[in-house]
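run_17.txt follows (compact mmCIF, C-alpha atoms and all ligand atoms):
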```txt
# COMPACT_ATOMS: atom_id res chain seq x y z
CA MET L 133 105.18 98.26 99.88
CA THR L 134 102.17 99.99 101.39
CA THR L 135 103.72 100.25 104.80
CA GLN L 136 106.52 102.30 103.24
CA GLN L 137 104.16 104.93 101.88
CA ILE L 138 104.67 108.41 103.25
CA PRO L 139 101.57 109.97 104.82
CA VAL L 140 100.73 113.43 103.51
CA VAL L 141 98.92 115.52 106.11
CA VAL L 142 97.09 118.68 105.08
CA LEU L 143 97.18 121.37 107.76
CA ALA L 144 94.53 124.06 107.40
CA GLY L 145 92.77 126.71 109.43
CA PHE L 146 91.79 130.32 109.26
CA LEU L 147 94.39 133.10 109.15
CA GLY L 148 96.21 133.34 112.43
CA ALA L 149 94.64 130.22 113.96
CA GLY L 150 98.08 128.83 114.74
CA LYS L 151 99.00 126.56 111.83
CA THR L 152 102.61 127.68 111.64
CA THR L 153 102.93 127.50 115.41
CA LEU L 154 101.67 123.92 115.34
CA LEU L 155 103.97 123.05 112.48
CA ASN L 156 106.94 124.47 114.29
CA HIS L 157 105.98 122.46 117.35
CA LEU L 158 105.91 119.30 115.22
CA LEU L 159 109.30 120.11 113.77
CA ARG L 160 110.76 120.73 117.22
CA SER L 161 109.38 117.54 118.69
CA ALA L 162 110.12 115.41 115.64
CA ARG L 163 113.32 113.90 117.01
CA GLY L 164 114.22 111.12 114.59
CA THR L 165 111.16 111.60 112.38
CA ARG L 166 111.95 113.40 109.15
CA ILE L 167 109.18 115.78 108.22
CA GLY L 168 108.81 117.29 104.79
CA VAL L 169 106.98 120.58 104.80
CA MET L 170 105.22 122.28 101.95
CA VAL L 171 103.80 125.70 102.36
CA ASN L 172 100.93 126.30 100.03
CA ASP L 173 100.50 129.89 99.00
CA PHE L 174 103.73 131.55 99.23
CA GLY L 175 102.67 134.96 100.24
CA ASP L 176 101.82 133.46 103.54
CA ILE L 177 105.00 131.85 104.69
CA GLY L 178 105.59 132.05 108.38
CA ILE L 179 108.41 129.61 108.92
CA ASP L 180 111.62 131.36 109.76
CA ALA L 181 113.72 129.07 107.62
CA MET L 182 111.56 129.88 104.65
CA THR L 183 111.90 133.57 105.18
CA VAL L 184 115.60 133.09 105.20
CA ALA L 185 115.54 130.96 102.08
CA GLY L 186 113.24 133.44 100.44
CA GLN L 187 113.09 131.74 97.05
CA VAL L 188 109.94 130.89 95.20
CA GLY L 189 109.63 127.16 94.73
CA SER L 190 112.84 126.39 96.53
CA THR L 191 113.38 123.43 98.78
CA VAL L 192 115.38 124.18 101.88
CA SER L 193 116.74 122.01 104.63
CA LEU L 194 115.57 122.80 108.11
CA GLY L 195 117.79 122.18 111.09
CA ASN L 196 116.66 118.70 112.00
CA GLY L 197 116.92 117.27 108.54
CA CYS L 198 113.44 118.33 107.50
CA LEU L 199 112.82 119.65 104.06
CA CYS L 200 110.73 122.64 103.32
CA CYS L 201 109.48 124.05 100.08
CA ALA L 202 106.92 126.54 98.93
CA VAL L 203 104.38 125.45 96.40
CA ASP L 204 101.71 126.77 94.26
CA ALA L 205 98.85 124.32 93.90
CA SER L 206 99.80 123.47 90.34
CA GLU L 207 103.24 122.42 91.52
CA LEU L 208 102.03 120.07 94.21
CA ASP L 209 102.72 116.87 92.32
CA GLU L 210 106.08 118.10 91.19
CA TYR L 211 107.13 118.79 94.77
CA LEU L 212 105.65 115.58 96.09
CA GLU L 213 107.86 113.88 93.54
CA VAL L 214 110.92 115.69 94.91
CA LEU L 215 110.05 115.11 98.55
CA THR L 216 109.31 111.40 98.09
CA ARG L 217 112.60 110.54 96.43
CA PRO L 218 114.25 107.82 98.48
CA GLU L 219 117.26 110.05 99.20
CA SER L 220 114.99 112.51 101.06
CA ARG L 221 114.23 109.70 103.52
CA LEU L 222 111.11 111.48 104.75
CA ASP L 223 108.69 109.82 107.15
CA VAL L 224 105.82 112.27 106.74
CA ILE L 225 104.95 115.29 104.62
CA VAL L 226 102.87 118.17 105.97
CA ILE L 227 101.28 120.67 103.61
CA GLU L 228 100.34 123.90 105.30
CA ALA L 229 97.43 125.41 103.43
CA SER L 230 97.18 129.15 103.30
CA GLY L 231 94.62 130.56 105.71
CA LEU L 232 92.43 131.46 102.78
CA ALA L 233 92.78 128.28 100.74
CA GLU L 234 90.00 125.76 100.38
CA PRO L 235 91.50 122.76 102.13
CA GLN L 236 89.25 120.35 100.21
CA GLU L 237 91.09 121.35 97.04
CA LEU L 238 94.43 120.35 98.49
CA VAL L 239 92.99 117.12 99.86
CA ARG L 240 91.56 116.30 96.44
CA MET L 241 94.91 116.95 94.85
CA VAL L 242 96.70 114.70 97.30
CA LEU L 243 94.13 111.95 96.72
CA ALA L 244 94.37 112.38 92.98
CA SER L 245 98.17 112.33 92.96
CA GLU L 246 99.62 109.50 90.94
CA ASN L 247 102.63 109.35 93.20
CA GLU L 248 102.62 105.80 94.55
CA ARG L 249 104.94 106.61 97.40
CA ILE L 250 102.38 108.68 99.27
CA VAL L 251 99.21 107.97 101.16
CA TYR L 252 96.74 110.62 102.33
CA GLY L 253 97.38 111.29 105.99
CA GLY L 254 94.35 113.37 106.93
CA LEU L 255 93.10 116.93 107.05
CA VAL L 256 93.92 118.74 110.27
CA GLU L 257 91.97 121.97 110.88
CA VAL L 258 93.31 124.44 113.41
CA VAL L 259 90.71 126.64 115.09
CA ASP L 260 91.40 129.75 117.17
CA ALA L 261 89.34 129.23 120.33
CA ALA L 262 89.31 132.95 121.10
CA GLU L 263 88.20 134.06 117.64
CA PHE L 264 86.01 131.13 116.69
CA GLY L 265 82.63 132.89 117.02
CA ALA L 266 83.77 135.98 115.13
CA THR L 267 85.50 133.98 112.40
CA ARG L 268 82.40 131.87 111.83
CA GLN L 269 80.25 134.96 111.47
CA ARG L 270 82.55 136.59 108.98
CA HIS L 271 83.42 133.43 107.10
CA PRO L 272 80.61 130.93 106.86
CA GLY L 273 83.01 128.66 104.94
CA THR L 274 84.53 127.79 108.33
CA ASP L 275 81.70 125.33 108.99
CA ARG L 276 82.29 123.62 105.68
CA HIS L 277 85.98 123.24 106.40
CA LEU L 278 85.28 121.66 109.76
CA ALA L 279 82.81 119.26 108.17
CA VAL L 280 85.54 117.69 106.05
CA ALA L 281 88.30 117.67 108.67
CA ASP L 282 89.71 114.46 110.12
CA LEU L 283 91.18 116.07 113.21
CA VAL L 284 90.32 119.48 114.64
CA VAL L 285 92.73 121.23 116.97
CA VAL L 286 90.99 123.86 119.09
CA ASN L 287 94.06 126.02 119.61
CA LYS L 288 94.74 129.03 121.85
CA ALA L 289 93.05 127.26 124.74
CA ASP L 290 95.11 129.53 126.98
CA ARG L 291 93.24 132.58 125.69
CA VAL L 292 89.76 131.59 126.82
CA SER L 293 88.06 130.56 130.06
CA ALA L 294 87.28 126.91 130.74
CA ASP L 295 83.59 127.57 130.02
CA GLU L 296 84.29 129.29 126.72
CA LEU L 297 86.63 126.49 125.74
CA ARG L 298 83.99 123.88 126.47
CA SER L 299 81.42 125.79 124.47
CA VAL L 300 83.74 126.21 121.44
CA ARG L 301 84.68 122.57 121.65
CA GLU L 302 81.05 121.51 121.68
CA THR L 303 80.18 123.66 118.69
CA VAL L 304 83.22 122.43 116.80
CA ALA L 305 82.41 118.79 117.61
CA GLY L 306 78.87 119.34 116.32
CA LEU L 307 80.17 120.72 113.04
CA ALA L 308 83.02 118.28 112.64
CA GLY L 309 80.93 115.12 112.79
CA ARG L 310 83.19 112.13 113.10
CA ALA L 311 86.45 114.05 113.35
CA ALA L 312 88.38 113.86 116.59
CA VAL L 313 88.55 117.19 118.41
CA ILE L 314 91.45 118.05 120.69
CA GLU L 315 92.40 121.17 122.59
CA ALA L 316 95.84 122.75 122.50
CA SER L 317 97.79 125.83 123.45
CA HIS L 318 100.51 127.05 121.13
CA GLY L 319 99.81 124.17 118.79
CA ARG L 320 101.30 121.63 121.18
CA VAL L 321 99.65 118.46 120.02
CA ASP L 322 101.17 115.05 120.31
CA PRO L 323 102.89 114.33 116.97
CA GLU L 324 101.74 110.70 117.28
CA LEU L 325 98.28 111.90 116.39
CA LEU L 326 99.54 112.87 112.97
CA PHE L 327 102.23 110.33 112.19
CA ASP L 328 104.24 107.47 113.60
CA ARG L 329 107.29 108.79 115.31
CA VAL L 330 110.55 107.17 114.46
CA VAL L 331 112.70 106.47 117.48
CA PRO L 332 116.26 107.23 116.39
CA ASP L 333 118.90 104.55 116.73
CA GLY L 334 120.45 104.58 120.14
CA GLU L 335 117.62 106.53 121.72
CA ILE L 336 115.21 104.88 124.09
CA GLU L 337 111.66 106.10 123.81
CA GLY L 338 110.86 108.51 126.60
CA GLN L 339 114.50 109.47 127.06
CA MET L 340 115.57 113.11 126.75
CA SER L 341 116.77 113.86 123.25
CA ILE L 342 119.15 116.57 122.09
CA GLU L 343 116.07 118.54 121.03
CA ASP L 344 114.65 118.26 124.55
CA VAL L 345 117.84 119.67 125.93
CA LEU L 346 117.94 122.46 123.35
CA TYR L 347 114.28 123.40 123.37
CA GLY L 348 113.18 122.12 126.74
CA SER L 349 110.96 119.09 127.03
CA ASP L 350 107.44 119.76 125.93
CA ASP L 351 105.28 119.18 128.97
CA ALA L 352 102.17 120.26 127.14
CA ALA L 353 102.70 117.51 124.59
CA GLU L 354 102.76 115.07 127.48
CA HIS L 355 99.45 116.48 128.63
CA ALA L 356 98.03 116.01 125.17
CA HIS L 357 98.56 112.31 125.79
CA ALA L 358 95.87 112.40 128.39
CA SER L 359 93.27 113.54 125.89
CA TYR L 360 93.47 110.52 123.63
CA GLU L 361 93.98 106.83 123.95
CA THR L 362 95.72 104.13 121.99
CA VAL L 363 94.27 100.66 121.84
CA SER L 364 96.45 97.88 120.41
CA LEU L 365 95.15 94.44 119.76
CA THR L 366 96.25 91.19 118.21
CA ALA L 367 93.95 88.36 117.14
CA SER L 368 94.98 84.95 115.90
CA THR L 369 91.46 84.13 114.67
CA PRO L 370 90.65 85.67 111.27
CA LEU L 371 88.05 88.43 111.04
CA HIS L 372 84.77 88.22 109.18
CA PRO L 373 84.91 90.88 106.42
CA ARG L 374 81.24 91.80 106.66
CA ARG L 375 81.29 92.25 110.44
CA LEU L 376 84.56 94.14 110.19
CA MET L 377 83.01 96.55 107.70
CA ALA L 378 79.94 96.99 109.90
CA PHE L 379 82.31 97.90 112.74
CA LEU L 380 84.31 100.31 110.58
CA ASP L 381 81.24 101.93 109.03
CA SER L 382 79.91 102.77 112.46
CA ARG L 383 83.23 103.54 114.10
CA PRO L 384 82.76 105.99 116.92
CA GLU L 385 83.36 109.70 116.79
CA GLY L 386 86.81 110.49 118.01
CA LEU L 387 88.38 107.28 116.68
CA TYR L 388 90.88 109.15 114.59
CA ARG L 389 93.35 106.59 113.33
CA ILE L 390 93.30 102.89 112.64
CA LYS L 391 96.34 101.13 111.25
CA GLY L 392 97.61 97.60 111.05
CA PHE L 393 97.15 94.29 109.28
CA ILE L 394 94.05 92.17 108.96
CA ASP L 395 93.78 88.43 108.44
CA LEU L 396 90.55 87.54 106.64
CA GLY L 397 91.19 83.80 106.72
CA ALA L 398 89.41 81.77 104.03
CA ALA L 399 87.86 84.92 102.51
CA ASP L 400 91.30 85.67 101.06
CA PRO L 401 93.92 83.21 102.27
CA ALA L 402 96.68 84.58 100.06
CA ASN L 403 96.66 88.17 101.26
CA ARG L 404 96.86 90.19 104.39
CA TYR L 405 95.05 93.54 104.31
CA THR L 406 96.88 96.60 105.49
CA VAL L 407 94.27 98.97 106.85
CA HIS L 408 94.75 102.71 107.00
CA ALA L 409 92.06 104.99 108.38
CA VAL L 410 92.42 108.66 109.20
CA GLY L 411 89.24 110.34 110.32
CA ARG L 412 86.64 109.34 107.77
CA PHE L 413 89.20 108.24 105.18
CA LEU L 414 89.53 104.46 104.91
CA ARG L 415 91.62 102.24 102.64
CA PHE L 416 92.66 98.60 102.51
CA TYR L 417 95.77 97.46 100.71
CA PRO L 418 95.92 93.70 100.08
CA GLU L 419 99.39 92.24 99.76
CA PRO L 420 100.63 88.64 99.79
CA TRP L 421 101.45 87.31 103.24
CA PRO L 422 105.21 87.33 103.64
CA ALA L 423 106.55 83.76 103.61
CA GLY L 424 106.68 82.26 107.08
CA GLU L 425 104.72 85.13 108.63
CA GLU L 426 102.28 84.15 111.35
CA ARG L 427 98.66 84.84 110.31
CA LEU L 428 97.60 87.47 112.78
CA THR L 429 95.41 90.55 112.83
CA GLN L 430 97.32 93.38 114.46
CA LEU L 431 95.62 96.70 114.90
CA VAL L 432 96.30 100.01 116.58
CA LEU L 433 93.38 102.37 117.19
CA ILE L 434 93.97 105.94 118.30
CA GLY L 435 91.29 108.35 119.33
CA SER L 436 90.06 110.87 121.79
CA GLY L 437 87.29 109.97 124.22
CA ILE L 438 87.07 106.41 122.91
CA ASP L 439 85.89 103.44 124.93
CA ALA L 440 88.84 101.04 124.77
CA ALA L 441 87.01 98.11 126.35
CA GLY L 442 84.01 98.62 124.07
CA LEU L 443 86.23 98.70 120.96
CA ARG L 444 88.00 95.50 121.99
CA LYS L 445 84.65 93.82 122.48
CA GLU L 446 83.35 94.98 119.10
CA LEU L 447 86.47 93.78 117.33
CA ALA L 448 86.38 90.46 119.17
CA ALA L 449 82.85 90.03 117.79
CA CYS L 450 84.32 90.35 114.27
CA GLU L 451 86.43 87.22 114.76
CA LEU L 452 85.16 84.07 113.05
CA SER L 453 83.36 81.95 115.60
CA GLY L 454 83.99 78.55 113.97
CA PRO L 455 83.91 76.52 110.75
CA GLN L 456 80.21 77.33 110.23
CA ASP L 457 80.96 81.06 110.35
CA VAL L 458 82.45 81.40 106.88
CA PRO L 459 81.76 84.47 104.76
CA ASP L 460 79.75 83.81 101.60
CA GLU L 461 80.91 85.07 98.24
CA SER L 462 79.48 88.54 98.72
CA GLY L 463 81.11 88.87 102.14
CA MET L 464 84.10 90.72 100.70
CA TRP L 465 82.18 93.20 98.56
CA GLY L 466 81.80 95.91 101.17
CA LEU L 467 85.48 95.80 102.02
CA LEU L 468 86.68 95.72 98.42
CA ARG L 469 85.06 99.11 97.79
CA TYR L 470 87.86 100.57 99.88
CA VAL L 471 90.70 98.90 97.99
CA PRO L 472 92.26 101.42 95.61
CA GLN L 473 92.47 100.31 92.02
CA THR L 474 95.77 100.85 90.28
CA GLU L 475 94.51 103.55 87.96
CA GLU L 476 91.74 105.08 90.00
CA GLU L 477 90.55 105.87 93.45
CA PRO L 478 88.18 103.41 95.08
CA GLU L 479 84.48 103.98 94.54
CA GLU L 480 83.91 105.06 98.08
CA THR L 481 85.76 108.33 98.46
CA LEU L 482 84.66 111.36 100.31
CA PHE L 483 85.95 113.95 98.01
N1 LIG L 501 98.06 132.95 123.14
C1 LIG L 501 98.28 132.11 122.12
N2 LIG L 501 98.84 132.57 120.97
C2 LIG L 501 99.04 131.70 119.98
C3 LIG L 501 98.72 130.32 120.11
N3 LIG L 501 99.03 129.71 118.95
C4 LIG L 501 99.53 130.65 118.12
N4 LIG L 501 99.55 131.86 118.74
C5 LIG L 501 99.97 133.14 118.17
O1 LIG L 501 99.02 133.49 117.18
C6 LIG L 501 99.65 134.16 116.09
C7 LIG L 501 99.34 133.46 114.79
O2 LIG L 501 99.92 132.18 114.82
P1 LIG L 501 100.42 131.43 113.49
O3 LIG L 501 100.95 130.12 113.89
O4 LIG L 501 101.31 132.32 112.69
O5 LIG L 501 99.05 131.27 112.72
P2 LIG L 501 98.80 130.77 111.25
O6 LIG L 501 97.52 130.02 111.28
O7 LIG L 501 99.97 130.08 110.71
O8 LIG L 501 98.59 132.15 110.53
P3 LIG L 501 98.57 132.46 108.96
O9 LIG L 501 99.85 131.90 108.41
O10 LIG L 501 98.50 133.93 108.92
O11 LIG L 501 97.37 131.84 108.40
C8 LIG L 501 101.12 134.17 116.43
O12 LIG L 501 101.42 135.41 117.00
C9 LIG L 501 101.29 133.05 117.45
O13 LIG L 501 102.36 133.25 118.33
C10 LIG L 501 98.14 129.87 121.35
O14 LIG L 501 97.77 128.70 121.53
N5 LIG L 501 97.95 130.81 122.30
```
Go through the file and emit its structure as structure tokens.
Ligand SMILES: Nc1nc2c(ncn2[C@@H]2O[C@H](COP(=O)(O)OP(=O)(O)OP(=O)(O)O)[C@@H](O)[C@H]2O)c(=O)[nH]1
Amino acid sequence: MTTQQIPVVVLAGFLGAGKTTLLNHLLRSARGTRIGVMVNDFGDIGIDAMTVAGQVGSTVSLGNGCLCCAVDASELDEYLEVLTRPESRLDVIVIEASGLAEPQELVRMVLASENERIVYGGLVEVVDAAEFGATRQRHPGTDRHLAVADLVVVNKADRVSADELRSVRETVAGLAGRAAVIEASHGRVDPELLFDRVVPDGEIEGQMSIEDVLYGSDDAAEHAHASYETVSLTASTPLHPRRLMAFLDSRPEGLYRIKGFIDLGAADPANRYTVHAVGRFLRFYPEPWPAGEERLTQLVLIGSGIDAAGLRKELAACELSGPQDVPDESGMWGLLRYVPQTEEEPEETLF
């Protein structure tokens, strides 16, 4: 069930930073992925389709099968309910926060939502590289927003010199702590950083799609690939829950996403643990092993500036080394803090 949950990504950033531009880029490069869009704060709608639709609280279809609606914060749950109906067949939902909104509020609301079909997909903060210094001076809240982000996009890279860009990036990285920081022009980030792309039937990954032909293929998105790395690994030996938690608690800056299944062996023979981490957000979802399924740990780690070989080594050290290496009773405690309870959020939340 958990693997079917729809990630809800909150997209924030100061007025004019390039949120709508980034969103439009995602919509254009979505191909087979169906994106639901919510625009928080209606006076601030920049999407053309919305302007055309023009109705408060309406849901409109965008060209590529995406849905778009405008919400007021109090309506968030109501619209999540609409967008997560099976007939909407959405793969991801993006909420664009108004440039003035407190993104933490939206994140809290998403986390507090009782909608079981969603999972929090991270807070993405867009920063205007050219205006960063001035914005920070005028709006000290900027630092606070960066501190809670999971991914920061330093946008408008084309508007500053290489030195300025480096300096903004360094400052942002200092404020953003563990969040991954990537640079972009015109919001062209690789959609894979935000959600799993669905490859439509009949299309081979990497092949030109109709959208490529219509909009031109997005070279800059290809370049964005260079700035982050994906590490996939499979282990047939179960992992030690305590060592796994030690690894996750100290996961390196820039390791933005972790997803996959974990086999904890004798510590919980009945269940596999789906892991979902976005930035500093971490959850485990135990579910019974499907009958006949091979007991494997399968993980994908995505980040910028990460040391792939180092990560592989650290994860290999989490594997049980033999029959003597069995977790004691308390071995699972650290991990269980990140398992959501049915009625409440796990103890260890950030917000
Ligand atoms: N040169 C340059 N211009 C950009 C870039 N990204 C966005 N813009 C322009 O910056 C302006 C603001 O972009 P938007 O995407 O509307 O910004 P926003 O954050 O959605 O703005 P609000 O909705 O007002 O909060 C637009 O004129 C964009 O075309 C970029 O990387 N480089």
Counting all atoms listed in the file, give me one row per residue of chain L with an atom at most 6 Å from an atom of ligand LIG 501 (chain L), showing the shortest contact pair and its distance in Å to one decimal, sorted by chain then residue number, as a tab-separated table.
```
residue	atom	partner	partner_atom	distance
L:Phe146	CA	L:LIG501	O11	5.8
L:Leu147	CA	L:LIG501	O11	3.3
L:Gly148	CA	L:LIG501	O8	3.3
L:Ala149	CA	L:LIG501	O6	3.9
L:Gly150	CA	L:LIG501	O3	3.3
L:Lys151	CA	L:LIG501	O6	3.8
L:Thr152	CA	L:LIG501	O7	3.7
L:Thr153	CA	L:LIG501	O3	3.6
L:Asp176	CA	L:LIG501	O9	5.5
L:Gly178	CA	L:LIG501	O9	5.7
L:Ser230	CA	L:LIG501	O11	5.8
L:Gly231	CA	L:LIG501	O11	4.1
L:Asn287	CA	L:LIG501	O14	5.0
L:Lys288	CA	L:LIG501	O14	3.1
L:Ala289	CA	L:LIG501	O14	5.9
L:Asp290	CA	L:LIG501	N5	5.6
L:Arg291	CA	L:LIG501	N1	5.5
L:Ser317	CA	L:LIG501	O14	3.5
L:His318	CA	L:LIG501	O14	3.2
L:Gly319	CA	L:LIG501	N3	5.6
```
Go through stretch 379-429 of chain L residue by residue and, counting all atoms listed in the file, keep those with an atom at most 12 Å from stretch 452-461 of chain L; for each kept residue give the shortest atom pair and its distance in Å to one decimal, ordered by chain and increasing number, as JSON lines.
```
{"residue": "L:Asp395", "atom": "CA", "partner": "L:Leu452", "partner_atom": "CA", "distance": 10.7}
{"residue": "L:Leu396", "atom": "CA", "partner": "L:Leu452", "partner_atom": "CA", "distance": 9.1}
{"residue": "L:Gly397", "atom": "CA", "partner": "L:Leu452", "partner_atom": "CA", "distance": 8.7}
{"residue": "L:Ala398", "atom": "CA", "partner": "L:Val458", "partner_atom": "CA", "distance": 7.5}
{"residue": "L:Ala399", "atom": "CA", "partner": "L:Pro459", "partner_atom": "CA", "distance": 6.5}
{"residue": "L:Asp400", "atom": "CA", "partner": "L:Pro459", "partner_atom": "CA", "distance": 10.3}
```
Once 3 Å is added on each side, what centre and edge lengths in Å to one decimal does the axis-aligned box around all listed atoms of stretch 411-426 of chain L have, as JSON?
```
{"center_x": 96.7, "center_y": 96.3, "center_z": 105.6, "size_x": 26.0, "size_y": 34.1, "size_z": 17.6}
```
Tell me which protein, DNA and RNA residues are within 9 Å of stretch 419-423 of chain L, counting only C-alpha atoms, leaving out same-chain ones fewer than 2 positions away, and put them as a PyMOL selection string. chain L and resi 133-134+401-406+417+425-427
Could you check how far atom CA of L:Ala281 sits from atom CA of L:Met170, in Å to one decimal?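 Separating atom CA of L:Ala281 from atom CA of L:Met170 is a distance of 18.8 Å.
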With only C-alpha atoms counted, which protein, DNA or RNA residues have an atom no more than 12 Å from (93.2, 122.8, 109.3) in the file frame? Please answer as a PyMOL selection string. chain L and resi 141-152+154-155+226-236+238-239+254-260+274-287+308+311+313+319
Just give me the gap between atom CA of L:Arg412 and atom CA of L:Arg389 in Å, one decimal is fine.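 Spanning atom CA of L:Arg412 to atom CA of L:Arg389 is a straight-line distance of 9.1 Å.
In this structure, atom CA of L:Ile394 sits 26.7 Å away from atom CA of L:Gly309.
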So which residues fall inside 7 Å of (96.3, 99.0, 122.0) if we count all atoms listed in the file? Mind giving them as JSON, numbers by chain? {"L": [362, 363, 364, 365, 432, 433]}
